[in-house]
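Q: Just query.cif, nothing more (mmCIF, C-alpha atoms and all ligand atoms):
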```cif
data_query
#
loop_
_atom_site.label_atom_id
_atom_site.label_comp_id
_atom_site.auth_asym_id
_atom_site.auth_seq_id
_atom_site.Cartn_x
_atom_site.Cartn_y
_atom_site.Cartn_z
CA MET A 1 -6.54 16.14 -16.14
CA ASP A 2 -5.29 14.97 -12.75
CA VAL A 3 -7.87 14.21 -10.05
CA LEU A 4 -7.12 17.30 -7.94
CA SER A 5 -7.44 19.69 -10.91
CA THR A 6 -10.73 18.05 -11.82
CA LEU A 7 -12.01 18.42 -8.27
CA ASN A 8 -10.90 22.05 -8.17
CA SER A 9 -12.90 22.79 -11.31
CA PHE A 10 -16.13 22.10 -9.35
CA LYS A 11 -18.27 25.24 -9.12
CA PHE A 12 -20.23 25.22 -5.85
CA GLU A 13 -23.91 26.16 -6.12
CA ARG A 14 -25.51 25.16 -2.80
CA THR A 15 -25.31 22.71 0.08
CA LEU A 16 -27.76 19.88 -0.53
CA ASN A 17 -27.48 18.25 2.87
CA GLU A 18 -25.52 18.63 6.10
CA GLU A 19 -25.24 15.52 8.27
CA PRO A 20 -22.97 16.39 11.21
CA GLU A 21 -23.74 13.10 12.97
CA LYS A 22 -22.30 11.19 9.98
CA LYS A 23 -19.48 13.73 9.50
CA ARG A 24 -20.76 14.20 5.99
CA ILE A 25 -21.78 17.07 3.72
CA THR A 26 -23.38 16.91 0.27
CA LEU A 27 -22.85 19.72 -2.25
CA LEU A 28 -24.55 20.60 -5.51
CA GLY A 29 -22.69 22.39 -8.28
CA THR A 30 -21.25 21.97 -11.75
CA PHE A 31 -18.17 20.72 -13.54
CA PRO A 32 -17.06 22.14 -16.89
CA VAL A 33 -17.71 19.88 -19.90
CA SER A 34 -14.03 19.04 -20.03
CA TRP A 35 -14.52 17.07 -16.79
CA SER A 36 -12.56 13.81 -16.68
CA LEU A 37 -11.01 11.38 -14.20
CA THR A 38 -8.45 8.62 -14.67
CA ARG A 39 -9.67 5.31 -13.26
CA PRO A 40 -7.41 2.89 -11.32
CA ASP A 41 -7.04 0.78 -14.50
CA GLY A 42 -5.73 3.82 -16.44
CA THR A 43 -8.86 4.41 -18.56
CA GLU A 44 -10.69 7.73 -18.45
CA THR A 45 -14.22 8.65 -17.41
CA ARG A 46 -15.26 11.98 -18.88
CA GLY A 47 -18.02 14.52 -19.41
CA ILE A 48 -20.64 13.88 -22.04
CA GLU A 49 -19.23 15.11 -25.36
CA TYR A 50 -22.43 16.41 -26.96
CA THR A 51 -23.40 18.94 -24.31
CA SER A 52 -22.07 22.49 -24.38
CA LYS A 53 -23.38 23.39 -20.93
CA ASN A 54 -21.69 22.78 -17.62
CA LEU A 55 -22.45 19.39 -16.08
CA ARG A 56 -24.56 19.29 -12.94
CA ALA A 57 -22.72 17.41 -10.22
CA ILE A 58 -23.17 16.20 -6.66
CA ILE A 59 -20.17 15.87 -4.37
CA ARG A 60 -20.43 14.06 -1.03
CA ILE A 61 -17.58 14.47 1.40
CA GLU A 62 -17.36 12.15 4.39
CA LYS A 63 -14.65 11.93 7.04
CA THR A 64 -13.13 8.46 7.01
CA ALA A 65 -12.92 6.22 10.07
CA PHE A 66 -9.60 5.80 11.86
CA ALA A 67 -7.78 2.62 10.91
CA PRO A 68 -6.87 0.60 14.08
CA GLU A 69 -3.17 0.63 13.09
CA LEU A 70 -3.17 4.45 13.41
CA ALA A 71 -3.73 4.31 17.19
CA LYS A 72 -0.04 3.90 18.00
CA LEU A 73 0.86 6.84 15.79
CA PHE A 74 -1.26 9.45 17.51
CA PHE A 75 1.36 10.63 19.96
CA HIS A 76 4.99 9.95 20.80
CA SER A 77 5.32 6.40 22.01
CA GLU A 78 8.04 3.79 22.23
CA SER A 79 7.90 3.55 18.46
CA GLU A 80 10.42 5.66 16.57
CA ARG A 81 7.74 6.69 14.12
CA PRO A 82 6.60 10.34 13.93
CA THR A 83 3.24 11.19 15.46
CA ILE A 84 0.38 12.09 13.19
CA VAL A 85 -0.98 14.91 15.38
CA THR A 86 1.11 17.88 14.29
CA SER A 87 -0.81 20.74 15.84
CA VAL A 88 -3.33 21.11 18.69
CA LYS A 89 -5.34 23.88 20.34
CA LEU A 90 -7.11 23.71 23.68
CA ILE A 91 -10.84 24.39 23.27
CA GLN A 92 -11.79 24.22 26.94
CA SER A 93 -10.83 22.63 30.25
CA THR A 94 -12.97 22.13 33.37
CA ASP A 95 -11.96 20.12 36.41
CA ILE A 96 -10.65 16.78 35.12
CA TYR A 97 -12.07 17.34 31.58
CA SER A 98 -10.26 18.97 28.65
CA TRP A 99 -11.06 19.04 24.96
CA LEU A 100 -8.85 20.06 22.07
CA ALA A 101 -8.91 20.59 18.32
CA GLY A 102 -6.17 18.70 16.49
CA TRP A 103 -4.62 18.68 13.02
CA LEU A 104 -3.24 15.50 11.46
CA SER A 105 -0.20 15.15 9.27
CA PRO A 106 -0.37 13.30 5.98
CA SER A 107 1.73 10.37 7.29
CA GLU A 108 2.25 7.35 5.10
CA GLU A 109 -0.25 5.19 7.03
CA HIS A 110 -2.72 7.99 7.14
CA GLN A 111 -2.37 8.72 3.45
CA ARG A 112 -3.24 5.16 2.54
CA GLN A 113 -6.90 5.70 3.39
CA GLY A 114 -7.25 9.51 3.22
CA ASP A 115 -8.90 11.92 5.68
CA VAL A 116 -12.07 12.09 3.65
CA LYS A 117 -13.91 9.97 1.12
CA ILE A 118 -15.29 12.02 -1.76
CA ASP A 119 -18.11 10.66 -3.94
CA ILE A 120 -18.85 12.41 -7.22
CA ILE A 121 -21.97 11.96 -9.35
CA CYS A 122 -21.58 13.72 -12.70
CA PRO A 123 -23.75 14.40 -14.60
CA ALA A 124 -26.34 14.17 -11.79
CA THR A 125 -30.02 13.67 -12.67
CA ASP A 126 -33.05 15.18 -10.88
CA ASP A 127 -33.48 11.79 -9.17
CA HIS A 128 -30.00 12.07 -7.69
CA VAL A 129 -30.67 15.59 -6.41
CA TRP A 130 -33.93 14.40 -4.77
CA LYS A 131 -32.27 11.30 -3.33
CA TYR A 132 -29.53 13.30 -1.59
CA SER A 133 -31.80 16.12 -0.35
CA PRO A 134 -33.09 15.99 3.23
CA GLN A 135 -36.78 15.12 3.34
CA LYS A 136 -39.57 13.91 5.56
CA SER A 137 -40.49 10.26 5.25
CA THR A 138 -44.03 8.84 5.27
CA LEU A 139 -44.95 5.17 5.62
CA VAL A 140 -46.93 3.62 2.78
CA ARG A 141 -48.46 0.16 2.42
CA GLU A 142 -47.86 -1.41 -0.95
CA THR A 143 -50.45 -4.11 -1.69
CA PRO A 144 -49.92 -6.41 -4.71
CA GLU A 145 -52.59 -4.31 -6.49
CA LEU A 146 -50.68 -1.07 -5.82
CA TYR A 147 -47.51 -2.76 -7.01
CA ALA A 148 -49.24 -3.59 -10.30
CA SER A 149 -50.96 -0.22 -10.76
CA VAL A 150 -48.33 2.21 -9.39
CA VAL A 151 -44.90 0.70 -8.70
CA ARG A 152 -44.46 -1.52 -11.75
CA PRO A 153 -45.35 1.30 -14.21
CA TYR A 154 -42.95 3.58 -12.26
CA ILE A 155 -40.12 1.04 -12.67
CA ASN A 156 -40.92 0.76 -16.38
CA THR A 157 -40.35 4.50 -16.90
CA PHE A 158 -36.63 4.24 -16.08
CA PRO A 159 -34.30 4.62 -19.06
CA PRO A 160 -31.51 2.00 -19.35
CA ALA A 161 -29.02 4.79 -18.43
CA ARG A 162 -30.25 4.58 -14.84
CA THR A 163 -28.57 1.18 -14.38
CA ARG A 164 -25.74 1.66 -16.88
CA TRP A 165 -23.24 1.40 -14.01
CA VAL A 166 -24.61 -2.12 -13.36
CA THR A 167 -24.38 -3.27 -16.98
CA LYS A 168 -20.85 -1.86 -17.21
CA ILE A 169 -19.79 -3.89 -14.17
CA LEU A 170 -21.50 -7.05 -15.44
CA SER A 171 -20.03 -6.75 -18.93
CA GLY A 172 -16.50 -6.25 -17.58
CA GLU A 173 -16.24 -2.60 -18.68
CA ALA A 174 -15.95 -1.17 -15.14
CA GLU A 175 -14.47 -2.00 -11.73
CA GLN A 176 -13.00 -5.31 -12.96
CA GLU A 177 -9.89 -5.08 -10.80
CA ALA A 178 -12.16 -4.89 -7.75
CA VAL A 179 -14.28 -7.99 -8.47
CA LEU A 180 -14.08 -10.51 -5.61
CA PHE A 181 -16.15 -13.31 -7.15
CA SER A 182 -17.90 -13.83 -10.45
CA SER A 183 -20.15 -16.64 -11.69
CA SER A 184 -22.81 -17.13 -14.35
CA GLU A 185 -25.39 -16.02 -11.75
CA PHE A 186 -23.89 -12.98 -9.99
CA ILE A 187 -20.86 -10.81 -9.35
CA LEU A 188 -19.49 -9.78 -5.93
CA LEU A 189 -17.46 -6.57 -5.42
CA PRO A 190 -16.95 -3.69 -2.97
CA ASP A 191 -19.87 -1.27 -2.75
CA MET A 192 -19.00 2.34 -3.58
CA LYS A 193 -19.99 3.22 0.01
CA TRP A 194 -16.92 1.38 1.34
CA ASP A 195 -13.53 3.12 1.79
CA LEU A 196 -11.82 -0.25 1.03
CA HIS A 197 -9.78 -0.08 4.25
CA THR A 198 -11.95 -0.08 7.33
CA ILE A 199 -12.94 -3.70 7.97
CA SER A 200 -15.45 -2.71 10.68
CA SER A 201 -17.43 -0.86 8.00
CA LEU A 202 -16.81 -3.42 5.23
CA TYR A 203 -19.51 -3.04 2.59
CA LEU A 204 -19.85 -5.29 -0.48
CA ILE A 205 -22.53 -5.68 -3.11
CA ALA A 206 -23.65 -8.82 -4.97
CA ILE A 207 -25.29 -8.03 -8.32
CA ALA A 208 -27.40 -10.70 -10.06
CA ARG A 209 -26.71 -11.15 -13.75
CA ASP A 210 -30.39 -11.75 -14.60
CA PRO A 211 -31.89 -8.33 -15.53
CA ALA A 212 -35.41 -9.77 -15.21
CA ILE A 213 -35.23 -9.67 -11.40
CA HIS A 214 -36.03 -6.02 -10.71
CA SER A 215 -36.51 -6.18 -6.97
CA LEU A 216 -37.53 -8.23 -3.94
CA ARG A 217 -41.05 -8.44 -5.46
CA ASP A 218 -39.74 -10.58 -8.34
CA LEU A 219 -38.05 -13.24 -6.18
CA ARG A 220 -39.51 -16.74 -6.51
CA LEU A 221 -38.68 -20.16 -5.03
CA GLY A 222 -36.53 -20.78 -8.13
CA HIS A 223 -34.22 -17.96 -7.04
CA VAL A 224 -33.33 -19.61 -3.71
CA PRO A 225 -30.19 -21.31 -5.14
CA LEU A 226 -28.98 -17.87 -6.36
CA LEU A 227 -29.63 -16.28 -2.95
CA LYS A 228 -27.90 -19.14 -1.12
CA SER A 229 -24.95 -18.98 -3.47
CA ILE A 230 -24.58 -15.22 -2.76
CA ARG A 231 -24.62 -15.96 0.97
CA LYS A 232 -22.11 -18.81 0.68
CA GLU A 233 -19.63 -17.03 -1.61
CA ALA A 234 -19.78 -13.78 0.40
CA TYR A 235 -18.82 -15.71 3.55
CA ARG A 236 -16.09 -17.62 1.75
CA VAL A 237 -14.56 -14.42 0.32
CA VAL A 238 -14.59 -12.41 3.58
CA GLN A 239 -13.16 -15.39 5.48
CA GLU A 240 -10.32 -15.88 2.98
CA LYS A 241 -9.54 -12.20 2.42
CA TRP A 242 -10.20 -10.57 5.78
CA GLY A 243 -10.51 -13.50 8.22
CA LEU A 244 -14.14 -12.68 9.08
CA PRO A 245 -16.04 -15.70 10.48
CA THR A 246 -19.59 -16.92 9.84
CA GLY A 247 -22.06 -14.54 11.49
CA SER A 248 -19.89 -11.50 10.83
CA LEU A 249 -21.94 -10.33 7.85
CA ARG A 250 -25.34 -8.71 7.59
CA MET A 251 -26.89 -9.24 4.16
CA TRP A 252 -30.05 -7.47 3.12
CA ILE A 253 -32.22 -6.40 0.22
CA HIS A 254 -33.74 -2.92 -0.08
CA TYR A 255 -37.35 -2.39 -0.88
CA GLN A 256 -37.70 0.11 -2.47
CA PRO A 257 -34.18 0.10 -3.93
CA SER A 258 -32.73 3.02 -5.89
CA TYR A 259 -31.73 0.71 -8.74
CA TYR A 260 -34.13 -1.91 -10.08
CA HIS A 261 -31.55 -4.50 -11.04
CA PHE A 262 -31.48 -7.11 -8.29
CA HIS A 263 -28.61 -6.84 -5.81
CA VAL A 264 -27.84 -7.77 -2.21
CA HIS A 265 -26.16 -5.45 0.31
CA ILE A 266 -23.43 -7.17 2.35
CA ALA A 267 -21.87 -5.34 5.30
CA ASN A 268 -19.94 -6.05 8.47
CA ALA A 269 -22.57 -7.08 11.05
CA GLY A 270 -21.15 -4.57 13.54
CA TYR A 271 -21.86 -1.70 11.16
CA GLU A 272 -25.46 -0.76 11.74
CA GLY A 273 -28.03 1.97 11.99
CA PRO A 274 -30.85 3.42 9.91
CA ALA A 275 -28.38 5.92 8.45
CA PHE A 276 -26.69 3.06 6.59
CA GLY A 277 -29.83 1.98 4.71
CA MET A 278 -30.97 -0.46 7.38
CA ALA A 279 -34.21 1.22 8.43
CA VAL A 280 -37.03 -1.12 9.45
CA GLY A 281 -39.27 -1.52 6.42
CA GLN A 282 -36.52 -0.70 3.94
CA ALA A 283 -34.04 -3.51 4.65
CA HIS A 284 -35.06 -7.20 4.39
CA LEU A 285 -32.57 -9.72 5.71
CA LEU A 286 -31.40 -12.14 3.02
CA ASP A 287 -31.71 -15.04 5.48
CA ASP A 288 -35.34 -14.14 6.22
CA VAL A 289 -36.17 -13.85 2.52
CA ILE A 290 -34.66 -17.30 1.83
CA SER A 291 -36.60 -18.76 4.75
CA LEU A 292 -39.85 -17.08 3.66
CA LEU A 293 -39.54 -18.50 0.15
CA GLU A 294 -38.70 -22.00 1.42
CA THR A 295 -41.34 -22.08 4.17
CA THR A 296 -44.14 -21.06 1.86
CA ALA A 297 -43.03 -23.31 -1.01
CA ALA A 298 -45.37 -26.13 -0.01
CA SER A 299 -48.42 -23.85 -0.26
CA GLY A 300 -47.63 -23.17 -3.91
CA ILE A 301 -47.98 -19.40 -3.32
CA ASP A 302 -45.34 -16.99 -4.62
CA ILE A 303 -45.24 -15.19 -1.30
CA LEU A 304 -43.32 -12.04 -2.28
CA GLU A 305 -45.71 -11.41 -5.16
CA HIS A 306 -48.68 -11.60 -2.78
CA MET A 307 -47.40 -9.75 0.28
CA THR A 308 -48.21 -6.21 1.33
CA PHE A 309 -44.98 -4.30 2.04
CA THR A 310 -44.85 -1.29 4.35
CA TYR A 311 -41.98 1.14 3.91
CA GLY A 312 -41.03 4.79 4.23
CA LEU A 313 -40.95 7.09 1.21
CA GLY A 314 -39.27 10.49 1.18
CA GLU A 315 -41.57 13.25 -0.05
CA GLN A 316 -39.29 13.83 -3.05
CA HIS A 317 -39.25 10.15 -4.08
CA GLY A 318 -40.82 9.54 -7.49
CA LEU A 319 -43.32 7.11 -5.93
CA TYR A 320 -44.36 9.40 -3.08
CA ARG A 321 -47.24 11.30 -4.68
CA PRO A 322 -48.74 8.43 -6.72
CA MET A 323 -48.53 6.06 -3.72
CA ILE A 324 -50.05 8.52 -1.24
CA GLU A 325 -52.88 9.31 -3.64
CA ALA A 326 -53.52 5.70 -4.65
CA GLN A 327 -53.41 4.17 -1.19
CA GLY A 328 -55.50 6.87 0.51
CA SER A 329 -58.71 4.87 0.35
CA LEU A 330 -56.97 1.58 1.17
CA VAL A 331 -55.60 2.46 4.62
CA LYS A 332 -58.01 0.99 7.17
P1 LIG B 401 -29.97 0.40 -3.65
O1 LIG B 401 -30.65 -0.41 -2.61
O2 LIG B 401 -30.52 0.28 -5.05
O3 LIG B 401 -29.97 1.92 -3.31
O4 LIG B 401 -28.46 -0.03 -3.61
P2 LIG B 401 -29.29 2.81 -2.21
O5 LIG B 401 -28.20 3.55 -2.97
O6 LIG B 401 -30.38 3.72 -1.81
O7 LIG B 401 -28.78 1.94 -1.13
C1 LIG B 401 -27.53 0.26 -4.61
C2 LIG B 401 -26.15 0.01 -4.03
O8 LIG B 401 -25.21 0.10 -5.08
C3 LIG B 401 -25.76 1.08 -3.00
O9 LIG B 401 -25.28 0.45 -1.82
C4 LIG B 401 -24.70 1.90 -3.71
O10 LIG B 401 -23.73 2.43 -2.83
C5 LIG B 401 -24.11 0.90 -4.68
N1 LIG B 401 -23.58 1.53 -5.89
C6 LIG B 401 -24.17 2.49 -6.62
N2 LIG B 401 -23.40 2.78 -7.70
C7 LIG B 401 -23.74 3.79 -8.69
C8 LIG B 401 -22.28 1.99 -7.65
C9 LIG B 401 -21.15 1.85 -8.52
O11 LIG B 401 -20.99 2.48 -9.56
N3 LIG B 401 -20.24 0.89 -8.12
C10 LIG B 401 -20.38 0.16 -6.97
N4 LIG B 401 -19.43 -0.70 -6.67
N5 LIG B 401 -21.45 0.29 -6.16
C11 LIG B 401 -22.40 1.19 -6.50
#
```
Any chance you could put this one into structure tokens?

A:
Amino acid sequence: MDVLSTLNSFKFERTLNEEPEKKRITLLGTFPVSWSLTRPDGTETRGIEYTSKNLRAIIRIEKTAFAPELAKLFFHSESERPTIVTSVKLIQSTDIYSWLAGWLSPSEEHQRQGDVKIDIICPATDDHVWKYSPQKSTLVRETPELYASVVRPYINTFPPARTRWVTKILSGEAEQEAVLFSSSEFILLPDMKWDLHTISSLYLIAIARDPAIHSLRDLRLGHVPLLKSIRKEAYRVVQEKWGLPTGSLRMWIHYQPSYYHFHVHIANAGYEGPAFGMAVGQAHLLDDVISLLETTAASGIDILEHMTFTYGLGEQHGLYRPMIEAQGSLVK
């Protein structure tokens, strides 16, 4: 089935989240079992064969940023090229101020990146539905004891399917044409959040090969060479491929992450805000983590194992209830 026919077979159920400030909307619905998409390498991803029911799916639609090279194509200019604004309507005009609604043509340049980026998760689990639903966040303090009694058992409940996308990338089964760097320690590739065009919102992910590192909590002094290698190779790649200099990247680690297979988020330093997973408490700068591990090395303490971490949890997060109940008596 071609991509458009697949998309059109989506049966809308309800809007999960509206985020006008991010020009994004998230929908819940279903795809028929015959759902399939052809990947860039020609292989197919399809619905699960053994189910006879429709597949629950989440679709996120986000307006893409304007590429800088589009600027000259907005209206008639010295260039012979056609403009990309094909229709306009005046909304209002007062004094020296006027505002209009405009419609863009699918010009060649414009088509390259698309008007919208559409993310599909199919079949979507309950965890996905909770993750993409709007919810109030509460701060919790995770002591090493709470990690051992609440968080670690929570991580252990995850079936391998939860990180199957990671193992597929690491084994070479998925996204191979996109890989930017690969070594015996980690793999570097574009994050699915990136539209692959807009350099100002460049977003890469480095995934460690060692499945024993579940999160920030598991990092030890022995992992510093891995962390430094991620930092070095990320800078080398973005310099060679996109001409971005040292200092142009922000690299961070989420705690809590959604996926407990260690990875580092790498984004253009100019791309920031809590909406992009950089909230205080959630995002830990890679540089700071390296420094923390090195500075405390002499004391012989595995610092990240012994720290108390404070972070926000959405009320639908799997850890929310157990953490709130367990920490109640500990908050002083
Ligand atoms: P996280 O900190 O575990 O959770 O990061 P978050 O999603 O709450 O940030 C996982 C990162 O992996 C996110 O930045 C995702 O966008 C990215 N990601 C997730 N999946 C399922 C894929 C995928 O299949 N391919 C790629 N390239 N990136 C993914």

Q: Place a sphere of radius 7 Å on (-2.7, 10.4, 14.0) in the file coordinates and name every protein, DNA or RNA residue with an atom inside or on its surface, counting only C-alpha atoms; give the answer as JSON, numbers by chain.

A: {"A": [70, 71, 73, 74, 83, 84, 85, 104]}

Q: Just C-alpha atoms for this one: save the residues we selected as a PDB file, keeping the file's coordinate frame.

A:
```
ATOM      1  CA  LEU A  70      -3.170   4.450  13.410  1.00  0.00           C
ATOM      2  CA  ALA A  71      -3.730   4.310  17.190  1.00  0.00           C
ATOM      3  CA  LEU A  73       0.860   6.840  15.790  1.00  0.00           C
ATOM      4  CA  PHE A  74      -1.260   9.450  17.510  1.00  0.00           C
ATOM      5  CA  THR A  83       3.240  11.190  15.460  1.00  0.00           C
ATOM      6  CA  ILE A  84       0.380  12.090  13.190  1.00  0.00           C
ATOM      7  CA  VAL A  85      -0.980  14.910  15.380  1.00  0.00           C
ATOM      8  CA  LEU A 104      -3.240  15.500  11.460  1.00  0.00           C
TER       9      LEU A 104
END
```

Q: Given all atoms listed in the file, how would the per-residue table for chain A near ligand LIG 401 (chain B) read, listing every residue at most 6 Å away with its closest atom pair and distance in Å to one decimal, sorted by chain and number, as JSON lines?

A:
```
{"residue": "A:Trp165", "atom": "CA", "partner": "B:LIG401", "partner_atom": "O11", "distance": 5.1}
{"residue": "A:Pro190", "atom": "CA", "partner": "B:LIG401", "partner_atom": "N4", "distance": 5.4}
{"residue": "A:Asp191", "atom": "CA", "partner": "B:LIG401", "partner_atom": "N4", "distance": 4.0}
{"residue": "A:Met192", "atom": "CA", "partner": "B:LIG401", "partner_atom": "N5", "distance": 4.1}
{"residue": "A:Lys193", "atom": "CA", "partner": "B:LIG401", "partner_atom": "O10", "distance": 4.8}
{"residue": "A:His254", "atom": "CA", "partner": "B:LIG401", "partner_atom": "O1", "distance": 4.7}
{"residue": "A:Pro257", "atom": "CA", "partner": "B:LIG401", "partner_atom": "O1", "distance": 3.8}
{"residue": "A:Ser258", "atom": "CA", "partner": "B:LIG401", "partner_atom": "O2", "distance": 3.6}
{"residue": "A:Tyr259", "atom": "CA", "partner": "B:LIG401", "partner_atom": "O2", "distance": 3.9}
{"residue": "A:Gly277", "atom": "CA", "partner": "B:LIG401", "partner_atom": "O7", "distance": 5.9}
```

Q: Limited to C-alpha atoms, could you put the picked residues into a file as an mmCIF file, keeping the file's coordinate frame?

A:
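Produced file result.cif, reproduced below:
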```cif
data_model
loop_
_atom_site.group_PDB
_atom_site.id
_atom_site.type_symbol
_atom_site.label_atom_id
_atom_site.label_comp_id
_atom_site.auth_asym_id
_atom_site.auth_seq_id
_atom_site.Cartn_x
_atom_site.Cartn_y
_atom_site.Cartn_z
ATOM 1 C CA TRP A 165 -23.240 1.400 -14.010
ATOM 2 C CA PRO A 190 -16.950 -3.690 -2.970
ATOM 3 C CA ASP A 191 -19.870 -1.270 -2.750
ATOM 4 C CA MET A 192 -19.000 2.340 -3.580
ATOM 5 C CA LYS A 193 -19.990 3.220 0.010
ATOM 6 C CA HIS A 254 -33.740 -2.920 -0.080
ATOM 7 C CA PRO A 257 -34.180 0.100 -3.930
ATOM 8 C CA SER A 258 -32.730 3.020 -5.890
ATOM 9 C CA TYR A 259 -31.730 0.710 -8.740
ATOM 10 C CA GLY A 277 -29.830 1.980 4.710
#
```

Q: Could you please determine the separation between atom CA of Gly172 of chain A and atom CA of Leu249 of chain A in Å, to one decimal place?

A: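 It comes out at 26.3 Å.
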
Q: Choose the residue, out of A:Phe181, A:Lys168, A:Ile120, A:Ser105, that has the smallest atom-to-atom separation from Ser229 of chain A; count only C-alpha atoms.

A: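 When distances to Ser229 of chain A are compared using only C-alpha atoms, the smallest one comes from A:Phe181.
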
Q: Of the candidates A:Leu227, A:Pro40, A:Leu4, A:Thr308, which shows the shortest atom-to-atom distance to Asp288 of chain A, using all atoms listed in the file?

A: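 The shortest atom-to-atom distance to Asp288 of chain A comes from A:Leu227.
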
Q: Counting all atoms listed in the file, which residues sit no farther than 12 Å from the position (-19.4, -15.2, -8.9) in the file's frame? I'd like them as a list in words.

A: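 All residues meeting the 12 Å criterion around (-19.4, -15.2, -8.9) are Leu170, Val179, Leu180, Phe181, Ser182, Ser183, Ser184, Glu185, Phe186, Ile187, Leu188, Leu189, Ile205, Ala206, Ile207, Ala208, Arg209, Leu226, Leu227, Ser229, Ile230, Arg231, Lys232, Glu233, Ala234, Arg236 and Val237 of chain A.
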
Q: Write a file of the selected residues as an mmCIF file, keeping the file's coordinate frame, keeping C-alpha atoms.

A:
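Full text of out.cif as output:
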```
data_model
loop_
_atom_site.group_PDB
_atom_site.id
_atom_site.type_symbol
_atom_site.label_atom_id
_atom_site.label_comp_id
_atom_site.auth_asym_id
_atom_site.auth_seq_id
_atom_site.Cartn_x
_atom_site.Cartn_y
_atom_site.Cartn_z
ATOM 1 C CA LEU A 170 -21.500 -7.050 -15.440
ATOM 2 C CA VAL A 179 -14.280 -7.990 -8.470
ATOM 3 C CA LEU A 180 -14.080 -10.510 -5.610
ATOM 4 C CA PHE A 181 -16.150 -13.310 -7.150
ATOM 5 C CA SER A 182 -17.900 -13.830 -10.450
ATOM 6 C CA SER A 183 -20.150 -16.640 -11.690
ATOM 7 C CA SER A 184 -22.810 -17.130 -14.350
ATOM 8 C CA GLU A 185 -25.390 -16.020 -11.750
ATOM 9 C CA PHE A 186 -23.890 -12.980 -9.990
ATOM 10 C CA ILE A 187 -20.860 -10.810 -9.350
ATOM 11 C CA LEU A 188 -19.490 -9.780 -5.930
ATOM 12 C CA LEU A 189 -17.460 -6.570 -5.420
ATOM 13 C CA ILE A 205 -22.530 -5.680 -3.110
ATOM 14 C CA ALA A 206 -23.650 -8.820 -4.970
ATOM 15 C CA ILE A 207 -25.290 -8.030 -8.320
ATOM 16 C CA ALA A 208 -27.400 -10.700 -10.060
ATOM 17 C CA ARG A 209 -26.710 -11.150 -13.750
ATOM 18 C CA LEU A 226 -28.980 -17.870 -6.360
ATOM 19 C CA LEU A 227 -29.630 -16.280 -2.950
ATOM 20 C CA SER A 229 -24.950 -18.980 -3.470
ATOM 21 C CA ILE A 230 -24.580 -15.220 -2.760
ATOM 22 C CA ARG A 231 -24.620 -15.960 0.970
ATOM 23 C CA LYS A 232 -22.110 -18.810 0.680
ATOM 24 C CA GLU A 233 -19.630 -17.030 -1.610
ATOM 25 C CA ALA A 234 -19.780 -13.780 0.400
ATOM 26 C CA ARG A 236 -16.090 -17.620 1.750
ATOM 27 C CA VAL A 237 -14.560 -14.420 0.320
#
```

Q: Using only C-alpha atoms, which residues sit within 8 Å of Asn268 of chain A once same-chain residues fewer than 3 positions away are excluded, as a PDB file with C-alpha atoms, in the frame of the given file?

A:
```pdb
ATOM      1  CA  ILE A 199     -12.940  -3.700   7.970  1.00  0.00           C
ATOM      2  CA  SER A 200     -15.450  -2.710  10.680  1.00  0.00           C
ATOM      3  CA  SER A 201     -17.430  -0.860   8.000  1.00  0.00           C
ATOM      4  CA  LEU A 202     -16.810  -3.420   5.230  1.00  0.00           C
ATOM      5  CA  TYR A 203     -19.510  -3.040   2.590  1.00  0.00           C
ATOM      6  CA  SER A 248     -19.890 -11.500  10.830  1.00  0.00           C
ATOM      7  CA  LEU A 249     -21.940 -10.330   7.850  1.00  0.00           C
ATOM      8  CA  ARG A 250     -25.340  -8.710   7.590  1.00  0.00           C
ATOM      9  CA  TYR A 271     -21.860  -1.700  11.160  1.00  0.00           C
TER      10      TYR A 271
END
```

Q: Please determine, counting only C-alpha atoms, which residue among A:His197, A:Pro211, A:Arg152, A:Leu139 has the shortest atom-to-atom distance to Val166 of chain A.

A: A:Pro211

Q: What is the atom CA of Gly270 of chain A-atom CA of Gly247 of chain A distance in Å, reported with one decimal?

A: 10.2 Å

Q: To one decimal place in Å, what is the distance between atom CA of Ser149 of chain A and atom CA of Asp218 of chain A?

A: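 That distance, rounded to one decimal, is 15.5 Å.
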
Q: Measuring between only C-alpha atoms, which one of A:Ala297, A:Ala161, A:Ala283, A:Val238 shows the shortest distance to Gly222 of chain A?

A: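 Result for the nearest residue to Gly222 of chain A: A:Ala297.
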
Q: Can you pull out the residues contacting Ser5 of chain A? Cut-off 12 Å, using only C-alpha atoms, and skip same-chain residues under 2 positions away; I want them as a list of chain:residue names.

A: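 Everything that qualifies: A:Met1, A:Asp2, A:Val3, A:Leu7, A:Asn8, A:Ser9, A:Phe10, A:Phe31, A:Pro32, A:Ser34, A:Trp35, A:Ser36, A:Leu37, A:Thr38.
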
Q: Just the residues within 10 Å of Gly29 of chain A, please, counting all atoms listed in the file, with nothing from its chain fewer than 5 positions along; format it as JSON, numbers by chain.

A: {"A": [10, 11, 12, 13, 14, 15, 16, 54, 55, 56, 57, 58, 59, 122, 124]}

Q: For Ile118 of chain A, list every protein, DNA or RNA residue within 10 Å, evaluated using all atoms listed in the file, and leave out those in the same chain fewer than 2 positions away; present the list as a PyMOL selection string.

A: chain A and resi 7+24-26+59-64+114-116+120+195
